[in-house]
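Listing of input.csv; format and content: CSV, C-alpha atoms and all ligand atoms.
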```
chain,number,residue,atom,x,y,z
A,1,MET,CA,147.5,170.2,66.3
A,2,ASN,CA,150.1,168.7,68.6
A,3,PRO,CA,148.9,165.2,69.4
A,4,LYS,CA,150.8,165.1,72.7
A,5,ILE,CA,148.7,167.8,74.3
A,6,LYS,CA,147.3,166.2,77.4
A,7,ILE,CA,144.0,167.1,79.0
A,8,LEU,CA,143.0,166.1,82.5
A,9,ILE,CA,139.2,166.0,83.1
A,10,THR,CA,137.9,165.9,86.7
A,11,GLY,CA,134.5,164.2,86.8
A,12,GLY,CA,135.3,163.0,83.3
A,13,THR,CA,133.2,159.9,84.0
A,14,GLY,CA,130.0,162.0,84.0
A,15,LEU,CA,127.5,162.9,81.3
A,16,ILE,CA,129.5,165.9,79.9
A,17,GLY,CA,132.9,164.4,80.7
A,18,ARG,CA,132.3,161.2,78.7
A,19,ALA,CA,131.1,163.1,75.6
A,20,LEU,CA,133.9,165.6,75.9
A,21,CYS,CA,136.6,162.9,76.3
A,22,ASN,CA,135.4,161.2,73.1
A,23,LYS,CA,135.4,164.4,71.1
A,24,LEU,CA,138.9,165.3,72.4
A,25,MET,CA,140.3,161.9,71.6
A,26,ASP,CA,138.7,162.1,68.1
A,27,LYS,CA,140.7,165.3,67.6
A,28,GLY,CA,143.9,163.6,68.6
A,29,TYR,CA,144.4,164.9,72.2
A,30,GLU,CA,145.7,162.7,74.9
A,31,VAL,CA,142.9,162.6,77.5
A,32,ALA,CA,142.9,161.3,81.1
A,33,VAL,CA,140.1,161.5,83.7
A,34,LEU,CA,140.5,162.2,87.4
A,35,SER,CA,138.1,160.0,89.3
A,36,ARG,CA,137.4,158.9,92.8
A,37,ARG,CA,137.8,155.3,91.8
A,38,LYS,CA,139.4,153.4,88.9
A,39,LYS,CA,136.6,151.6,87.0
A,40,PRO,CA,137.9,148.3,85.7
A,41,ASP,CA,135.9,148.4,82.5
A,42,SER,CA,136.9,152.0,81.6
A,43,LYS,CA,138.7,152.6,78.3
A,44,MET,CA,139.9,156.0,79.6
A,45,HIS,CA,143.3,156.5,81.3
A,46,THR,CA,142.2,157.1,84.9
A,47,TYR,CA,144.1,158.9,87.7
A,48,VAL,CA,142.6,158.6,91.1
A,49,TRP,CA,142.0,161.4,93.7
A,50,ASP,CA,140.5,161.4,97.1
A,51,PRO,CA,139.2,165.0,97.6
A,52,GLY,CA,138.2,164.2,101.3
A,53,LYS,CA,141.9,163.4,102.1
A,54,SER,CA,143.3,166.1,99.7
A,55,GLU,CA,145.1,163.4,97.7
A,56,ILE,CA,145.7,163.3,94.0
A,57,ASP,CA,147.9,161.0,91.9
A,58,LYS,CA,151.0,163.3,91.5
A,59,GLU,CA,151.5,162.3,87.9
A,60,ALA,CA,148.0,163.6,86.9
A,61,ILE,CA,149.0,167.2,87.7
A,62,ALA,CA,152.6,167.0,86.7
A,63,THR,CA,151.9,165.8,83.2
A,64,SER,CA,148.8,167.8,82.2
A,65,ASP,CA,148.7,170.8,79.8
A,66,PHE,CA,145.0,171.6,80.5
A,67,ILE,CA,142.6,170.8,83.4
A,68,VAL,CA,138.9,170.8,82.8
A,69,HIS,CA,137.1,170.7,86.1
A,70,LEU,CA,133.7,169.1,85.8
A,71,ALA,CA,133.5,167.1,89.1
A,72,GLY,CA,130.6,167.7,91.4
A,73,ALA,CA,127.9,165.8,93.2
A,74,ASN,CA,124.8,165.7,91.0
A,75,ILE,CA,122.4,168.5,91.9
A,76,SER,CA,119.3,166.5,91.1
A,77,GLY,CA,120.7,163.2,92.4
A,78,LYS,CA,119.2,163.3,95.9
A,79,ARG,CA,116.9,165.4,98.0
A,80,TRP,CA,118.7,168.6,99.3
A,81,THR,CA,119.2,167.8,102.9
A,82,ARG,CA,121.7,170.0,104.8
A,83,GLN,CA,124.4,167.3,104.3
A,84,ARG,CA,123.6,166.9,100.6
A,85,LYS,CA,123.9,170.6,100.1
A,86,GLN,CA,127.2,170.6,101.8
A,87,GLU,CA,128.4,167.8,99.5
A,88,ILE,CA,127.1,169.7,96.4
A,89,VAL,CA,129.2,172.7,97.4
A,90,ASP,CA,132.3,170.9,98.7
A,91,SER,CA,132.6,168.6,95.7
A,92,ARG,CA,133.0,171.7,93.5
A,93,VAL,CA,134.6,174.3,95.7
A,94,GLU,CA,137.0,172.2,97.8
A,95,THR,CA,138.0,170.2,94.7
A,96,ALA,CA,138.9,173.3,92.8
A,97,LYS,CA,140.9,174.5,95.9
A,98,LEU,CA,142.7,171.2,96.0
A,99,LEU,CA,143.6,171.4,92.3
A,100,PHE,CA,144.9,174.9,92.8
A,101,ASN,CA,147.1,173.9,95.8
A,102,LYS,CA,148.5,171.0,93.9
A,103,VAL,CA,149.1,173.0,90.7
A,104,LYS,CA,150.8,175.8,92.7
A,105,ARG,CA,153.3,173.3,94.1
A,106,THR,CA,154.2,171.6,90.8
A,107,LYS,CA,156.8,172.8,88.3
A,108,ASN,CA,154.5,171.9,85.4
A,109,ARG,CA,153.0,175.0,83.9
A,110,LEU,CA,149.3,174.5,82.9
A,111,LYS,CA,148.2,176.2,79.7
A,112,ALA,CA,144.7,176.8,81.0
A,113,PHE,CA,142.2,175.8,83.7
A,114,ILE,CA,138.6,175.5,82.5
A,115,SER,CA,135.8,175.0,85.0
A,116,ALA,CA,132.2,174.3,84.7
A,117,SER,CA,129.6,176.4,86.5
A,118,GLY,CA,125.9,176.6,85.9
A,119,SER,CA,123.5,179.1,84.3
A,120,ASN,CA,121.6,178.9,87.7
A,121,TYR,CA,124.4,181.2,88.9
A,122,TYR,CA,121.8,184.0,88.3
A,123,GLY,CA,119.4,182.3,90.8
A,124,MET,CA,116.3,180.3,90.3
A,125,ARG,CA,113.8,183.0,89.5
A,126,THR,CA,111.4,183.7,86.6
A,127,SER,CA,111.5,187.2,85.1
A,128,ASP,CA,111.7,188.9,81.7
A,129,LYS,CA,115.3,189.9,82.2
A,130,ILE,CA,118.0,188.3,80.0
A,131,PHE,CA,120.9,187.6,82.3
A,132,SER,CA,124.4,188.2,81.0
A,133,GLU,CA,127.8,187.5,82.4
A,134,GLU,CA,128.1,190.8,84.3
A,135,ASP,CA,125.0,190.2,86.3
A,136,PRO,CA,125.4,189.3,90.0
A,137,PRO,CA,124.7,185.9,91.4
A,138,GLY,CA,121.3,185.0,92.8
A,139,ASN,CA,120.8,184.8,96.5
A,140,ASP,CA,119.4,181.2,96.6
A,141,PHE,CA,121.3,178.0,97.1
A,142,MET,CA,122.4,177.4,93.5
A,143,GLY,CA,123.4,181.1,93.0
A,144,GLU,CA,125.5,180.9,96.2
A,145,THR,CA,127.0,177.5,95.2
A,146,CYS,CA,128.0,178.8,91.7
A,147,ARG,CA,129.5,182.0,93.2
A,148,LYS,CA,131.7,180.0,95.6
A,149,TRP,CA,132.6,177.5,92.8
A,150,GLU,CA,133.7,180.3,90.4
A,151,LYS,CA,135.6,182.1,93.1
A,152,SER,CA,137.6,178.9,93.9
A,153,ALA,CA,138.2,178.2,90.2
A,154,GLY,CA,139.1,181.8,89.5
A,155,ARG,CA,142.1,181.5,91.9
A,156,PHE,CA,144.1,180.0,89.0
A,157,LYS,CA,144.5,183.5,87.7
A,158,GLU,CA,146.8,184.2,90.7
A,159,LEU,CA,149.2,181.7,89.1
A,160,ARG,CA,148.9,183.6,85.7
A,161,ILE,CA,147.2,180.6,84.2
A,162,ARG,CA,144.5,181.3,81.7
A,163,THR,CA,141.1,180.6,83.4
A,164,VAL,CA,137.8,180.0,81.7
A,165,ILE,CA,134.5,179.5,83.5
A,166,LEU,CA,131.5,178.1,81.5
A,167,ARG,CA,128.1,178.6,83.0
A,168,ASN,CA,126.4,175.6,81.4
A,169,GLY,CA,122.7,175.5,80.8
A,170,ALA,CA,120.8,172.2,81.2
A,171,VAL,CA,122.6,169.8,78.9
A,172,LEU,CA,120.4,168.0,76.4
A,173,SER,CA,121.7,164.5,75.7
A,174,ALA,CA,120.1,161.2,74.9
A,175,GLU,CA,122.5,159.5,77.3
A,176,GLY,CA,121.3,161.1,80.6
A,177,GLY,CA,120.6,164.4,82.4
A,178,ALA,CA,117.3,166.3,82.2
A,179,LEU,CA,116.1,165.2,78.8
A,180,PRO,CA,115.4,161.4,79.4
A,181,LYS,CA,113.6,162.4,82.6
A,182,MET,CA,111.5,165.1,80.9
A,183,ASN,CA,110.7,162.6,78.2
A,184,ILE,CA,109.1,160.0,80.5
A,185,PRO,CA,105.6,161.6,80.5
A,186,VAL,CA,105.9,162.4,76.8
A,187,LYS,CA,106.5,158.8,76.0
A,188,LEU,CA,103.6,157.8,78.2
A,189,GLY,CA,101.4,160.2,76.1
A,190,VAL,CA,100.8,162.7,79.0
A,191,ALA,CA,103.2,165.6,78.1
A,192,ALA,CA,102.5,168.6,80.2
A,193,PRO,CA,104.2,171.7,81.5
A,194,ILE,CA,105.6,171.7,85.0
A,195,GLY,CA,104.1,174.3,87.4
A,196,SER,CA,103.2,177.5,85.5
A,197,GLY,CA,105.1,176.4,82.5
A,198,LYS,CA,106.2,180.0,82.1
A,199,GLN,CA,109.6,179.5,83.7
A,200,TYR,CA,112.6,179.7,81.3
A,201,PHE,CA,114.7,176.7,80.7
A,202,PRO,CA,118.2,177.6,79.5
A,203,TRP,CA,119.5,174.5,77.6
A,204,ILE,CA,122.3,173.5,75.4
A,205,HIS,CA,122.8,170.5,73.1
A,206,ILE,CA,125.6,168.2,74.4
A,207,ASP,CA,127.6,168.6,71.1
A,208,ASP,CA,127.5,172.4,71.2
A,209,LEU,CA,128.6,172.3,74.9
A,210,CYS,CA,131.5,170.0,74.2
A,211,ASP,CA,132.6,172.2,71.3
A,212,ILE,CA,132.5,175.3,73.6
A,213,TYR,CA,134.8,173.4,76.0
A,214,ILE,CA,137.1,172.6,73.1
A,215,LYS,CA,137.1,176.2,72.0
A,216,ALA,CA,138.0,177.2,75.5
A,217,ILE,CA,141.0,174.9,75.4
A,218,GLU,CA,142.2,175.9,71.9
A,219,ASP,CA,141.3,179.6,71.8
A,220,GLU,CA,144.0,181.5,73.8
A,221,LYS,CA,141.9,184.7,73.6
A,222,MET,CA,139.1,183.1,75.7
A,223,LYS,CA,139.4,184.0,79.4
A,224,GLY,CA,136.9,184.8,82.1
A,225,VAL,CA,133.2,183.8,82.3
A,226,TYR,CA,130.9,182.7,79.4
A,227,ASN,CA,127.3,181.5,79.5
A,228,ALA,CA,127.1,178.2,77.6
A,229,VAL,CA,123.5,178.2,76.6
A,230,ALA,CA,121.7,178.0,73.3
A,231,PRO,CA,120.6,181.3,71.7
A,232,GLU,CA,116.8,180.4,71.7
A,233,HIS,CA,115.0,181.3,74.9
A,234,THR,CA,112.6,178.5,75.8
A,235,THR,CA,109.9,178.3,78.4
A,236,ASN,CA,109.1,174.9,80.1
A,237,LYS,CA,105.8,174.9,78.3
A,238,HIS,CA,107.4,175.5,74.9
A,239,PHE,CA,110.0,172.8,75.7
A,240,MET,CA,107.4,170.2,76.6
A,241,GLN,CA,105.2,171.0,73.5
A,242,THR,CA,108.2,170.7,71.2
A,243,LEU,CA,109.4,167.5,72.9
A,244,ALA,CA,106.0,166.0,72.3
A,245,ARG,CA,105.7,167.3,68.7
A,246,VAL,CA,109.1,166.0,67.4
A,247,GLN,CA,108.1,162.5,68.6
A,248,GLU,CA,104.6,162.8,67.3
A,249,LYS,CA,103.2,162.4,70.8
A,250,PRO,CA,100.1,164.1,72.2
A,251,TYR,CA,100.4,167.3,74.3
A,252,TRP,CA,97.2,167.7,76.3
A,253,ALA,CA,97.6,167.0,80.0
A,254,PRO,CA,97.0,169.7,82.5
A,255,ASN,CA,100.0,171.4,84.1
A,256,ALA,CA,101.8,169.3,86.8
A,257,PRO,CA,100.9,171.5,89.9
A,258,SER,CA,103.7,173.3,91.6
A,259,VAL,CA,102.6,172.1,95.0
A,260,GLY,CA,103.0,168.5,94.1
A,261,VAL,CA,106.5,169.2,92.7
A,262,LYS,CA,107.5,171.0,95.9
A,263,LEU,CA,106.2,168.1,98.0
A,264,ALA,CA,108.1,165.6,95.9
A,265,LEU,CA,111.4,167.5,95.6
A,266,GLY,CA,111.5,169.9,98.5
A,267,GLU,CA,113.9,172.9,98.0
A,268,MET,CA,115.2,171.3,94.8
A,269,ALA,CA,111.8,172.0,93.2
A,270,GLN,CA,113.0,175.6,92.5
A,271,VAL,CA,115.4,174.2,89.8
A,272,VAL,CA,112.4,173.0,87.8
A,273,LEU,CA,109.8,175.5,88.8
A,274,GLU,CA,111.8,178.7,88.2
A,275,GLY,CA,114.2,179.9,85.5
A,276,SER,CA,115.3,183.0,83.6
A,277,ARG,CA,116.5,183.8,80.1
A,278,THR,CA,120.3,183.7,79.8
A,279,SER,CA,122.3,185.4,77.1
A,280,SER,CA,124.5,183.6,74.6
A,281,GLU,CA,125.8,186.8,73.1
A,282,LYS,CA,129.3,186.7,74.7
A,283,ILE,CA,130.2,183.2,73.4
A,284,LYS,CA,128.9,184.1,70.0
A,285,SER,CA,130.9,187.3,69.9
A,286,ALA,CA,134.0,185.1,70.8
A,287,GLY,CA,133.4,183.4,67.4
A,288,PHE,CA,131.4,180.3,68.5
A,289,SER,CA,128.8,179.2,66.1
A,290,PHE,CA,126.0,176.9,67.4
A,291,ARG,CA,125.1,173.8,65.5
A,292,PHE,CA,121.8,173.6,67.4
A,293,PRO,CA,120.7,177.2,68.1
A,294,GLU,CA,117.1,176.3,68.2
A,295,LEU,CA,115.2,173.8,70.3
A,296,GLU,CA,113.4,172.0,67.6
A,297,GLY,CA,116.6,171.1,65.7
A,298,ALA,CA,118.3,169.9,68.9
A,299,LEU,CA,115.3,167.7,69.9
A,300,VAL,CA,114.9,166.2,66.4
A,301,HIS,CA,118.6,165.3,66.5
A,302,LEU,CA,118.4,163.7,70.0
A,303,VAL,CA,115.0,162.1,70.2
A,304,GLY,CA,113.1,162.9,67.0
A,305,LYS,CA,112.3,160.6,64.0
A,306,LYS,CA,115.6,159.5,62.6
A,307,GLU,CA,114.8,160.5,59.0
A,308,ASN,CA,114.4,164.1,60.2
A,309,ALA,CA,117.7,164.2,62.1
A,310,GLN,CA,120.5,166.5,60.8
B,401,LIG,N1,124.4,168.2,83.1
B,401,LIG,C1,123.9,169.4,83.2
B,401,LIG,O1,122.7,169.7,82.7
B,401,LIG,C2,124.7,170.5,83.8
B,401,LIG,C3,124.1,171.8,83.8
B,401,LIG,C4,124.8,172.9,84.5
B,401,LIG,C5,126.0,172.6,85.1
B,401,LIG,N2,126.5,171.3,85.1
B,401,LIG,C6,127.8,171.1,85.8
B,401,LIG,O2,128.7,170.5,84.9
B,401,LIG,C7,129.5,169.5,85.6
B,401,LIG,C8,129.4,168.2,84.9
B,401,LIG,O3,128.1,167.8,84.7
B,401,LIG,P1,127.6,166.3,84.4
B,401,LIG,O4,126.2,166.4,84.0
B,401,LIG,O5,128.6,165.7,83.5
B,401,LIG,O6,127.7,165.7,85.9
B,401,LIG,P2,127.6,164.1,86.3
B,401,LIG,O7,127.2,163.3,85.2
B,401,LIG,O8,126.8,164.1,87.6
B,401,LIG,O9,129.1,163.8,86.7
B,401,LIG,C9,129.9,164.5,87.6
B,401,LIG,C10,131.1,163.7,88.0
B,401,LIG,O10,131.6,164.3,89.2
B,401,LIG,C11,132.1,163.3,90.0
B,401,LIG,N3,131.5,163.4,91.4
B,401,LIG,C12,130.3,163.1,91.8
B,401,LIG,N4,130.1,163.3,93.1
B,401,LIG,C13,131.3,163.8,93.5
B,401,LIG,C14,131.8,164.1,94.8
B,401,LIG,N5,131.1,164.1,95.9
B,401,LIG,N6,133.1,164.6,94.9
B,401,LIG,C15,133.9,164.6,93.8
B,401,LIG,N7,133.5,164.2,92.6
B,401,LIG,C16,132.2,163.8,92.4
B,401,LIG,C17,131.8,161.9,89.4
B,401,LIG,O11,133.0,161.4,88.9
B,401,LIG,P3,133.8,160.1,89.6
B,401,LIG,O12,132.7,159.2,90.2
B,401,LIG,O13,134.5,159.5,88.5
B,401,LIG,O14,134.7,160.7,90.7
B,401,LIG,C18,130.8,162.2,88.3
B,401,LIG,O15,131.0,161.4,87.2
B,401,LIG,C19,128.9,169.4,87.0
B,401,LIG,O16,129.7,170.1,87.9
B,401,LIG,C20,127.5,170.1,86.9
B,401,LIG,O17,127.1,170.7,88.0
B,401,LIG,C21,125.9,170.3,84.5
```

Could you show the structure in this file as structure tokens?
Ligand SMILES: NC(=O)c1ccc[n+]([C@@H]2O[C@H](COP(=O)([O-])OP(=O)(O)OC[C@H]3O[C@@H](n4cnc5c(N)ncnc54)[C@H](OP(=O)(O)O)[C@@H]3O)[C@@H](O)[C@H]2O)c1
Amino acid sequence: MNPKIKILITGGTGLIGRALCNKLMDKGYEVAVLSRRKKPDSKMHTYVWDPGKSEIDKEAIATSDFIVHLAGANISGKRWTRQRKQEIVDSRVETAKLLFNKVKRTKNRLKAFISASGSNYYGMRTSDKIFSEEDPPGNDFMGETCRKWEKSAGRFKELRIRTVILRNGAVLSAEGGALPKMNIPVKLGVAAPIGSGKQYFPWIHIDDLCDIYIKAIEDEKMKGVYNAVAPEHTTNKHFMQTLARVQEKPYWAPNAPSVGVKLALGEMAQVVLEGSRTSSEKIKSAGFSFRFPELEGALVHLVGKKENAQ
């Protein structure tokens, strides 16, 4: 591998970005993050952008071989007010547009543009259907957000730049995201499903997700949209039971009622109360082999007893 290959990661300071940066650096790539502010304690080479003013450090674009676009206001960070929803959309769609406009005007030829999207592209609904990449977007807020995000990211094809869009499932990591939050009641000994518990919860171990991003960088045959979810289909109830079991904690509490979740979270509640099965066949057919295809192995590795970890 050429050690001078340079990868720019927008939102590289986030949960996925930090893990991906470390893996890429371990492989010998030169990595830089594109962030809204330089953090004095950061070990990463940081370029600054101000998406609101359409400004990006010119060098960031001019010197990069690949861009990985992960930036976006956290969907579960704050209640979904009208203003927050606009921020969730703009921080993904407008930033992709800004990158496109800057890349278009620079002489540097990107080798590929790789963008995150979400498995909630298919909409927050619970059904028996297994959604695959050809299925249309859902008609709720997350479905619509992902559709706009992918359309904006997909414009890089107009510049004949290889474009890959990864519809991430919920990322399982001990460092943040959904898992530590779902683990709070388990640690307190009151593990229980949320709502009906029948909703599917497409998930992926952080290591597998980073390896899919790396494959998207390295494998020139990869282009278009891929679901980035683990092969095993898991309901919320199965998830909570497994999470309790791998930590030898009790699982006995009654379901957390949907009405309370809706009151606490508002419209955002649909993200935890609904969910469908999502297919991993396409990424497997592209030659990707999951290290954590099943939930139990993933959870043992992340939060289980150390002696059982892989
Ligand atoms: N984690 C998951 O379970 C999951 C699941 C499906 C999809 N995804 C998608 O994958 C991407 C990365 O996820 P993540 O979990 O790593 O996210 P994260 O931890 O929330 O980090 C996202 C990064 O985006 C930047 N950002 C935040 N608000 C922004 C704004 N208003 N404008 C521009 N940039 C902003 C921040 O970087 P700076 O502060 O340095 O600018 C932040 O570190 C996101 O787009 C997310 O929607 C994640």

Check which residues fall inside 6 Å of ligand LIG 401 (chain B) when counting all atoms listed in the file, and print them as a short mmCIF file (atom, residue, chain, number, x, y, z; two decimals) with C-alpha atoms, in the coordinates of the input.
```cif
data_model
loop_
_atom_site.label_atom_id
_atom_site.label_comp_id
_atom_site.auth_asym_id
_atom_site.auth_seq_id
_atom_site.Cartn_x
_atom_site.Cartn_y
_atom_site.Cartn_z
CA GLY A 11 134.50 164.20 86.80
CA THR A 13 133.20 159.90 84.00
CA GLY A 14 130.00 162.00 84.00
CA LEU A 15 127.50 162.90 81.30
CA ILE A 16 129.50 165.90 79.90
CA GLY A 17 132.90 164.40 80.70
CA SER A 35 138.10 160.00 89.30
CA ARG A 36 137.40 158.90 92.80
CA LEU A 70 133.70 169.10 85.80
CA ALA A 71 133.50 167.10 89.10
CA GLY A 72 130.60 167.70 91.40
CA ALA A 73 127.90 165.80 93.20
CA ASN A 74 124.80 165.70 91.00
CA GLU A 87 128.40 167.80 99.50
CA SER A 91 132.60 168.60 95.70
CA ALA A 116 132.20 174.30 84.70
CA SER A 117 129.60 176.40 86.50
CA GLY A 118 125.90 176.60 85.90
CA ASN A 168 126.40 175.60 81.40
CA GLY A 169 122.70 175.50 80.80
CA ALA A 170 120.80 172.20 81.20
CA VAL A 171 122.60 169.80 78.90
CA GLY A 177 120.60 164.40 82.40
#
```

Mind giving me the straight-line distance from atom CA of Trp149 of chain A to atom CA of Ser42 of chain A in Å, one decimal?
-> 28.2 Å

Within 9 Å of segment 192-199 of chain A, counting only C-alpha atoms, which residues show up once you throw out same-chain ones fewer than 3 positions away? Write them as a PyMOL selection string, please.
-> chain A and resi 125-127+185-186+234-241+251-261+272-277

Pull the neighbourhood of (124.9, 181.9, 85.3) for me: all residues within 8 Å in file coordinates, counting all atoms listed in the file, as a short mmCIF file (atom, residue, chain, number, x, y, z; two decimals) with C-alpha atoms, in the coordinates of the input.
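The resulting file, result_26.cif, is reproduced below:
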```cif
data_model
loop_
_atom_site.label_atom_id
_atom_site.label_comp_id
_atom_site.auth_asym_id
_atom_site.auth_seq_id
_atom_site.Cartn_x
_atom_site.Cartn_y
_atom_site.Cartn_z
CA SER A 117 129.60 176.40 86.50
CA GLY A 118 125.90 176.60 85.90
CA SER A 119 123.50 179.10 84.30
CA ASN A 120 121.60 178.90 87.70
CA TYR A 121 124.40 181.20 88.90
CA TYR A 122 121.80 184.00 88.30
CA GLY A 123 119.40 182.30 90.80
CA PHE A 131 120.90 187.60 82.30
CA SER A 132 124.40 188.20 81.00
CA GLU A 133 127.80 187.50 82.40
CA PRO A 137 124.70 185.90 91.40
CA GLY A 143 123.40 181.10 93.00
CA CYS A 146 128.00 178.80 91.70
CA ARG A 167 128.10 178.60 83.00
CA ASN A 168 126.40 175.60 81.40
CA ASN A 227 127.30 181.50 79.50
CA THR A 278 120.30 183.70 79.80
#
```

Atom CA of Lys39 of chain A to atom CA of Leu110 of chain A, straight-line distance in Å =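 Computing it gives 26.5 Å between the two atoms.
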
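Proximity of A:Val89, A:Leu209, A:Tyr226, A:Arg37 to Asp57 of chain A, computed with all atoms listed in the file, is greatest for A:Arg37.
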